[in-house]
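A.B. asks: I have a structure I would like to understand better, so I am pasting it below and will then ask my questions one at a time.
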Amino acid sequence: MNWACDLSAGQIRAGRALLNWSQEDLAHACRLSVSTVRKLELGYMSPRHATTRVIRQCMEKAGLEFIEPNGVRRRPDSVTVYEGSRGMASLIEDIEKAVRKDKSEILIVTDLETANFPDTDFCVRLADAISGGGVKIKCLIPDTFQIPFAMPNFEYRAVSKNYVNSIPFFVYGDRQALIVAEAASTVKIVSIESPFAAWAGHRQFYSMWEMAFPMYSRDFENSDADRLAAHA
């Protein structure tokens, strides 16, 4: 059996139970028909590689891992801490790896006061790392600030500063990263690889994004465009 693709009917049923998904939920997540899911779970049809690959990817993205020969379990959360200037580079590498894997968007919430993060240099490096991948970056900032820099693939919205936590955070792929710092020289990044943490961060972000208003910069053509050209 090819463990990279095939799943048994029992693994599919057990995976659904761990995720508390109905057959309809699984079908929707995998873009399959409900009848296909039912037949697979009842053993009425031989799982094809293409079908089981899709189901496996959906369940793994939701936080499960499959164990030989016929098991399934929740994937343990992983916490990584990055520090200092090298930590910023490591965060960019982690973001690039995660979003290129599943083409997810990058969500950023920042008060723009905590260690002046993210600054223009970080955003230029991030944009360069994901260039050509079609990944969008959405950034929420307090309405007491003007956009300090603008990038072609960044979309900004502003919301009342009462809603923006003093600890900036990123959501990307199946990760949420918290930026803890008192000054630029003491930046600490805590990255949590957890589908639930990412889901919670995603919900928190969009609850603010929906009430925020778009922001645009008139200075991009003269300032950050030159930075991008120089960086290239």
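By order of appearance in the structure tokens: chains A, B, ..., then residues from 1 within every chain, and ligands from 1 in the order shown.
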Could you give me, as a ChimeraX atom specification, the residues within 9 Å of Thr80 in chain A, counting only C-alpha atoms and dropping anything in the same chain fewer than 6 positions from it?
C.D. replies: /A:189-193
A.B. asks: Using only C-alpha atoms, determine which residues lie at most 6 Å from range 134-149 of chain A, disregarding the query and same-chain residues fewer than 3 positions distant; provide the list as a list in words.
C.D. replies: Glu105, Ile106, Leu107, Ile108, Val109, Thr110, Asp111, Asn153, Phe154, Glu155, Tyr156, Arg157, Ala158, Val159, Ser160 and Lys161 of chain A
A.B. asks: Would you put the residues from that selection into a file with N, CA and C atoms, as a short mmCIF file (atom, residue, chain, number, x, y, z; two decimals), in the first residue's frame?
C.D. replies:
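And here is the file that came out, out.cif:
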```cif
data_model
loop_
_atom_site.label_atom_id
_atom_site.label_comp_id
_atom_site.auth_asym_id
_atom_site.auth_seq_id
_atom_site.Cartn_x
_atom_site.Cartn_y
_atom_site.Cartn_z
N GLU A 105 -3.27 33.13 2.23
CA GLU A 105 -2.93 34.53 2.37
C GLU A 105 -2.17 34.75 3.67
N ILE A 106 -1.55 35.91 3.78
CA ILE A 106 -0.83 36.30 4.99
C ILE A 106 -1.60 37.43 5.65
N LEU A 107 -1.94 37.27 6.92
CA LEU A 107 -2.70 38.26 7.66
C LEU A 107 -1.81 38.86 8.74
N ILE A 108 -1.81 40.19 8.84
CA ILE A 108 -0.96 40.88 9.81
C ILE A 108 -1.80 41.88 10.59
N VAL A 109 -1.67 41.87 11.89
CA VAL A 109 -2.26 42.90 12.76
C VAL A 109 -1.12 43.52 13.54
N THR A 110 -0.98 44.85 13.46
CA THR A 110 0.11 45.51 14.16
C THR A 110 -0.32 46.89 14.65
N ASP A 111 0.22 47.27 15.82
CA ASP A 111 -0.08 48.60 16.33
C ASP A 111 0.92 49.63 15.83
N ASN A 153 1.60 44.27 -3.30
CA ASN A 153 0.81 43.10 -2.91
C ASN A 153 0.26 43.21 -1.49
N PHE A 154 0.40 44.38 -0.86
CA PHE A 154 -0.16 44.63 0.47
C PHE A 154 -1.51 45.33 0.33
N GLU A 155 -2.47 44.90 1.12
CA GLU A 155 -3.74 45.61 1.22
C GLU A 155 -3.91 46.05 2.66
N TYR A 156 -4.12 47.35 2.87
CA TYR A 156 -4.23 47.89 4.22
C TYR A 156 -5.67 48.27 4.55
N ARG A 157 -6.02 48.06 5.81
CA ARG A 157 -7.25 48.64 6.36
C ARG A 157 -6.94 49.14 7.76
N ALA A 158 -7.70 50.15 8.17
CA ALA A 158 -7.51 50.74 9.49
C ALA A 158 -8.74 50.50 10.34
N VAL A 159 -8.48 50.28 11.62
CA VAL A 159 -9.55 50.04 12.58
C VAL A 159 -9.22 50.81 13.85
N SER A 160 -10.22 51.05 14.67
CA SER A 160 -9.98 51.76 15.93
C SER A 160 -8.86 51.09 16.72
N LYS A 161 -7.97 51.91 17.28
CA LYS A 161 -6.83 51.34 18.00
C LYS A 161 -7.28 50.56 19.24
#
```
A.B. asks: Skipping near chain neighbours, those fewer than 5 positions away, what residues fall within 9 Å of Ile12 in chain A using only C-alpha atoms, listed as a list in words?
C.D. replies: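 These residues fall inside the cut-off: Leu7, Ala17, Val37, Leu40, Glu41, Ile55, Arg56, Met59 and Val72 of chain A.
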A.B. asks: Taking the DSSP assignment computed from this structure's backbone, write out as a ChimeraX atom specification all residues of range 106-216 of chain A that belong to strand (DSSP E).
C.D. replies: /A:106-109,137-142,154-159,169-172,175-180,188-193,213-215
A.B. asks: Using the selection just defined, write its residues with N, CA and C atoms as an mmCIF file, in the first residue's frame.
C.D. replies:
```cif
data_model
loop_
_atom_site.group_PDB
_atom_site.id
_atom_site.type_symbol
_atom_site.label_atom_id
_atom_site.label_comp_id
_atom_site.auth_asym_id
_atom_site.auth_seq_id
_atom_site.Cartn_x
_atom_site.Cartn_y
_atom_site.Cartn_z
ATOM 1 N N ILE A 106 -1.555 35.913 3.780
ATOM 2 C CA ILE A 106 -0.831 36.304 4.986
ATOM 3 C C ILE A 106 -1.604 37.433 5.647
ATOM 4 N N LEU A 107 -1.936 37.267 6.924
ATOM 5 C CA LEU A 107 -2.701 38.264 7.663
ATOM 6 C C LEU A 107 -1.812 38.861 8.739
ATOM 7 N N ILE A 108 -1.814 40.190 8.838
ATOM 8 C CA ILE A 108 -0.960 40.883 9.810
ATOM 9 C C ILE A 108 -1.801 41.885 10.589
ATOM 10 N N VAL A 109 -1.668 41.867 11.895
ATOM 11 C CA VAL A 109 -2.257 42.896 12.758
ATOM 12 C C VAL A 109 -1.117 43.525 13.541
ATOM 13 N N ILE A 137 -1.251 39.752 0.902
ATOM 14 C CA ILE A 137 -0.929 40.138 2.277
ATOM 15 C C ILE A 137 -1.917 41.201 2.715
ATOM 16 N N LYS A 138 -2.639 40.942 3.800
ATOM 17 C CA LYS A 138 -3.592 41.898 4.344
ATOM 18 C C LYS A 138 -3.077 42.380 5.688
ATOM 19 N N CYS A 139 -3.086 43.687 5.870
ATOM 20 C CA CYS A 139 -2.502 44.272 7.075
ATOM 21 C C CYS A 139 -3.490 45.226 7.736
ATOM 22 N N LEU A 140 -3.750 45.008 9.019
ATOM 23 C CA LEU A 140 -4.618 45.875 9.814
ATOM 24 C C LEU A 140 -3.756 46.766 10.706
ATOM 25 N N ILE A 141 -4.021 48.068 10.674
ATOM 26 C CA ILE A 141 -3.291 49.007 11.518
ATOM 27 C C ILE A 141 -4.296 49.919 12.221
ATOM 28 N N PRO A 142 -3.876 50.606 13.293
ATOM 29 C CA PRO A 142 -4.789 51.525 13.988
ATOM 30 C C PRO A 142 -5.119 52.736 13.115
ATOM 31 N N PHE A 154 0.399 44.385 -0.860
ATOM 32 C CA PHE A 154 -0.164 44.626 0.468
ATOM 33 C C PHE A 154 -1.505 45.329 0.331
ATOM 34 N N GLU A 155 -2.468 44.896 1.120
ATOM 35 C CA GLU A 155 -3.745 45.615 1.221
ATOM 36 C C GLU A 155 -3.914 46.049 2.665
ATOM 37 N N TYR A 156 -4.121 47.349 2.870
ATOM 38 C CA TYR A 156 -4.234 47.891 4.215
ATOM 39 C C TYR A 156 -5.673 48.271 4.547
ATOM 40 N N ARG A 157 -6.025 48.063 5.809
ATOM 41 C CA ARG A 157 -7.247 48.642 6.358
ATOM 42 C C ARG A 157 -6.936 49.141 7.756
ATOM 43 N N ALA A 158 -7.702 50.154 8.166
ATOM 44 C CA ALA A 158 -7.505 50.738 9.490
ATOM 45 C C ALA A 158 -8.735 50.502 10.343
ATOM 46 N N VAL A 159 -8.483 50.283 11.621
ATOM 47 C CA VAL A 159 -9.552 50.039 12.580
ATOM 48 C C VAL A 159 -9.219 50.808 13.851
ATOM 49 N N PHE A 169 0.557 40.278 15.490
ATOM 50 C CA PHE A 169 0.545 38.861 15.166
ATOM 51 C C PHE A 169 0.349 38.649 13.669
ATOM 52 N N PHE A 170 0.855 37.507 13.216
ATOM 53 C CA PHE A 170 0.726 37.054 11.847
ATOM 54 C C PHE A 170 -0.092 35.768 11.837
ATOM 55 N N VAL A 171 -0.858 35.571 10.773
ATOM 56 C CA VAL A 171 -1.506 34.284 10.522
ATOM 57 C C VAL A 171 -1.121 33.885 9.108
ATOM 58 N N TYR A 172 -0.575 32.687 8.967
ATOM 59 C CA TYR A 172 -0.161 32.208 7.645
ATOM 60 C C TYR A 172 -0.137 30.685 7.663
ATOM 61 N N ARG A 175 -0.246 28.367 10.873
ATOM 62 C CA ARG A 175 0.544 28.961 11.945
ATOM 63 C C ARG A 175 0.026 30.332 12.350
ATOM 64 N N GLN A 176 0.274 30.657 13.600
ATOM 65 C CA GLN A 176 0.083 32.019 14.091
ATOM 66 C C GLN A 176 1.373 32.412 14.811
ATOM 67 N N ALA A 177 1.882 33.596 14.493
ATOM 68 C CA ALA A 177 3.121 34.073 15.106
ATOM 69 C C ALA A 177 2.849 35.350 15.878
ATOM 70 N N LEU A 178 3.306 35.405 17.108
ATOM 71 C CA LEU A 178 3.170 36.579 17.959
ATOM 72 C C LEU A 178 4.516 37.284 18.033
ATOM 73 N N ILE A 179 4.502 38.613 17.916
ATOM 74 C CA ILE A 179 5.732 39.401 17.963
ATOM 75 C C ILE A 179 5.799 40.089 19.318
ATOM 76 N N VAL A 180 6.744 39.662 20.140
ATOM 77 C CA VAL A 180 6.894 40.218 21.490
ATOM 78 C C VAL A 180 8.188 41.015 21.534
ATOM 79 N N LYS A 188 11.251 39.206 19.855
ATOM 80 C CA LYS A 188 11.100 37.757 20.008
ATOM 81 C C LYS A 188 9.832 37.348 19.267
ATOM 82 N N ILE A 189 9.942 36.340 18.430
ATOM 83 C CA ILE A 189 8.824 35.867 17.623
ATOM 84 C C ILE A 189 8.461 34.459 18.072
ATOM 85 N N VAL A 190 7.228 34.285 18.504
ATOM 86 C CA VAL A 190 6.754 32.976 18.945
ATOM 87 C C VAL A 190 5.799 32.444 17.880
ATOM 88 N N SER A 191 6.241 31.441 17.140
ATOM 89 C CA SER A 191 5.447 30.862 16.056
ATOM 90 C C SER A 191 4.807 29.562 16.533
ATOM 91 N N ILE A 192 3.481 29.490 16.438
ATOM 92 C CA ILE A 192 2.732 28.318 16.884
ATOM 93 C C ILE A 192 2.176 27.598 15.667
ATOM 94 N N GLU A 193 2.671 26.400 15.433
ATOM 95 C CA GLU A 193 2.147 25.595 14.333
ATOM 96 C C GLU A 193 0.968 24.791 14.862
ATOM 97 N N PHE A 213 -11.695 50.176 7.498
ATOM 98 C CA PHE A 213 -11.854 50.871 6.226
ATOM 99 C C PHE A 213 -10.531 50.883 5.474
ATOM 100 N N PRO A 214 -10.589 50.836 4.134
ATOM 101 C CA PRO A 214 -9.361 50.755 3.328
ATOM 102 C C PRO A 214 -8.488 51.997 3.493
ATOM 103 N N MET A 215 -7.199 51.803 3.360
ATOM 104 C CA MET A 215 -6.239 52.904 3.388
ATOM 105 C C MET A 215 -5.350 52.798 2.160
#
```
A.B. asks: Enter the distance from CA of Val99 in chain A to CA of Gly173 in chain A, in Å, rounded to one decimal.
C.D. replies: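 Computing the Euclidean distance for CA of Val99 in chain A and CA of Gly173 in chain A yields 5.5 Å.
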A.B. asks: With distances taken over only C-alpha atoms, which of A:Ser33, A:Leu64, A:Gly43, A:Lys103 is nearest to Arg16 in chain A?
C.D. replies: A:Leu64
A.B. asks: If you count only C-alpha atoms, which residues fall within 8 Å of Leu91 in chain A, apart from same-chain ones fewer than 4 positions away, as a ChimeraX atom specification?
C.D. replies: /A:82,87,95,189
A.B. asks: Taking C-alpha atoms for each residue, export the selection above as an mmCIF file, in the first residue's frame.
C.D. replies:
```
data_model
loop_
_atom_site.group_PDB
_atom_site.id
_atom_site.type_symbol
_atom_site.label_atom_id
_atom_site.label_comp_id
_atom_site.auth_asym_id
_atom_site.auth_seq_id
_atom_site.Cartn_x
_atom_site.Cartn_y
_atom_site.Cartn_z
ATOM 1 C CA TYR A 82 12.925 33.234 16.839
ATOM 2 C CA GLY A 87 14.769 35.735 13.896
ATOM 3 C CA ILE A 95 6.085 32.252 6.077
ATOM 4 C CA ILE A 189 8.824 35.867 17.623
#
```
A.B. asks: With only C-alpha atoms as the basis for distance, which of A:Ala62, A:Ala98, A:Ala181, A:Leu32 is at the shortest distance from Ala50 in chain A?
C.D. replies: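 Result for the nearest residue to Ala50 in chain A: A:Leu32.
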A.B. asks: With distances taken over only C-alpha atoms, which residue among A:Phe205, A:Phe66, A:Phe122, A:Tyr216 lies nearest Ala150 in chain A?
C.D. replies: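 Among A:Phe205, A:Phe66, A:Phe122, A:Tyr216, it is A:Tyr216 that comes nearest to Ala150 in chain A.
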A.B. asks: Provide the CA of Glu60 in chain A to CA of Pro195 in chain A distance in Å, to one decimal place.
C.D. replies: 9.3 Å
A.B. asks: Smallest atom-to-atom distance to Glu65 in chain A: which of A:Thr51, A:Arg100, A:Leu19, A:Glu113, using only C-alpha atoms?
C.D. replies: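 Selected residue with least distance to Glu65 in chain A: A:Leu19.
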